[in-house]
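Here the structure comes first, spelled out in structure tokens, and everything after it is commentary.
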Amino acid sequence: MYMRKKLDVKNWDFKGPSERHKVTVTKNGQSIKWLDCDKIEELTIDAMYWRKANAIHSWFVNNVQDWVDECEEHYVSHEQLKRLMNICKTILDKAVLKEWMIKNWYSITAKWKEPIMQEWKFIENSEEICKYLPTESWFFFGSTDYDEYYLQDVRETYEWLEKEINSPLFEELRFYYQSSW
């Protein structure tokens with residue numbers, strides 16, 4: 001799951017001095033002579049990457065992609081990003097993590113060994129949290145548990161969005177979401 005941001009840098013004649021960009025490309029400290037940087041139209045930047053964050057993916061499918069999931073790039077408006085950030089903030093404010101010890105069976109070889117007790121943190125009020133950003137069962141797309149890993153995806157998304165939205169360049173940037181499986 002990828003978010004890319006794009007910035008128009010072409011210095012069209014109608015742009016004033018404060019709207020112009022200067023792009024330079026170097027390799028090993030030297031300008032690339034054959035590259036006319038004045039003809040570069042846009043920069044594409046890898047902005048965010050998620051792995052198996054099915055609740056986040058589902059939000060993009062339902063709110064950006066018109067419920068169609070076909071692994072193509074989709075434009076995400078500034079308003080949509082702000083809405084997702086607010087959803088993530090609400091979840092972070094309301095989620096209550098609780099520790100629980102579970103038996104984890106494992107096999108080193110073909111023989112089963114005794115289970116080990118392992119700590120697991122789950123969201124105690126998941127029935128409330130799932131109203132904001134529900135997990136979805138997708139083919140090979142991660143756990144649907146409301147646990148510490150779900151909360152980690154939400155936290156990382158919130159922190160990234162907060163940084164982007166508060167960036168001085170936010171209004172100039174265009175954002176695009178794409179998934180691949």
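Residue numbering restarts at 1 in every chain; chains get A, B, ... in the order shown in the structure tokens, and ligands count up from 1 in that same order.
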Who sits within 12 Å of Val68 in chain A, only C-alpha atoms, same chain under 3 positions skipped, as an MDAnalysis selection string:
chainID A and resid 57:65 71:74 178:179
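Of note, CA of Glu42 in chain A and CA of Glu70 in chain A are spaced 25.1 Å apart.
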What parts of chain A does DSSP call strand (DSSP E or B)? I'd like the answer as an MDAnalysis selection string.
chainID A and resid 2:8 26:27 30:31 42:49 74:76 97:104 107 112 116:123 147 173:178
Can you list, as a PyMOL selection string, every protein, DNA or RNA residue that comes within 12 Å of Glu79 in chain A when you count only C-alpha atoms, leaving out same-chain residues fewer than 3 positions away?
chain A and resi 63-64+75-76+82-86+161+165+170-171+174-175
Residues within 12 Å of Cys130 in chain A, please, as number ranges by chain. Count only C-alpha atoms; anything in the same chain fewer than 2 positions from it doesn't count.
A: 55-56, 59, 87-88, 90-91, 94-95, 123-128, 132-136, 144-147, 150-151
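Here the DSSP assignment of alpha helix (DSSP H), based on backbone atoms, applies within range 26-122 of chain A to Asn54, Ala55, Ile56, His57, Ser58, Trp59, Phe60, Val61, Asn62, Asn63, His78, Glu79, Gln80, Leu81, Lys82, Arg83, Leu84, Met85, Asn86, Ile87, Cys88, Lys89, Thr90, Ile91, Leu92, Asp93 and Lys94 of chain A.
Of the residues under consideration (A:Leu169, A:Cys37, A:Met1, A:Ala47), A:Met1 shows the shortest atom-to-atom contact distance to Asp153 in chain A when counting only C-alpha atoms.
Here the question is which of A:Glu172, A:Ser137, A:Lys98, A:Glu159 gets nearest to Glu19 in chain A using only C-alpha atoms, and that residue is A:Glu172.
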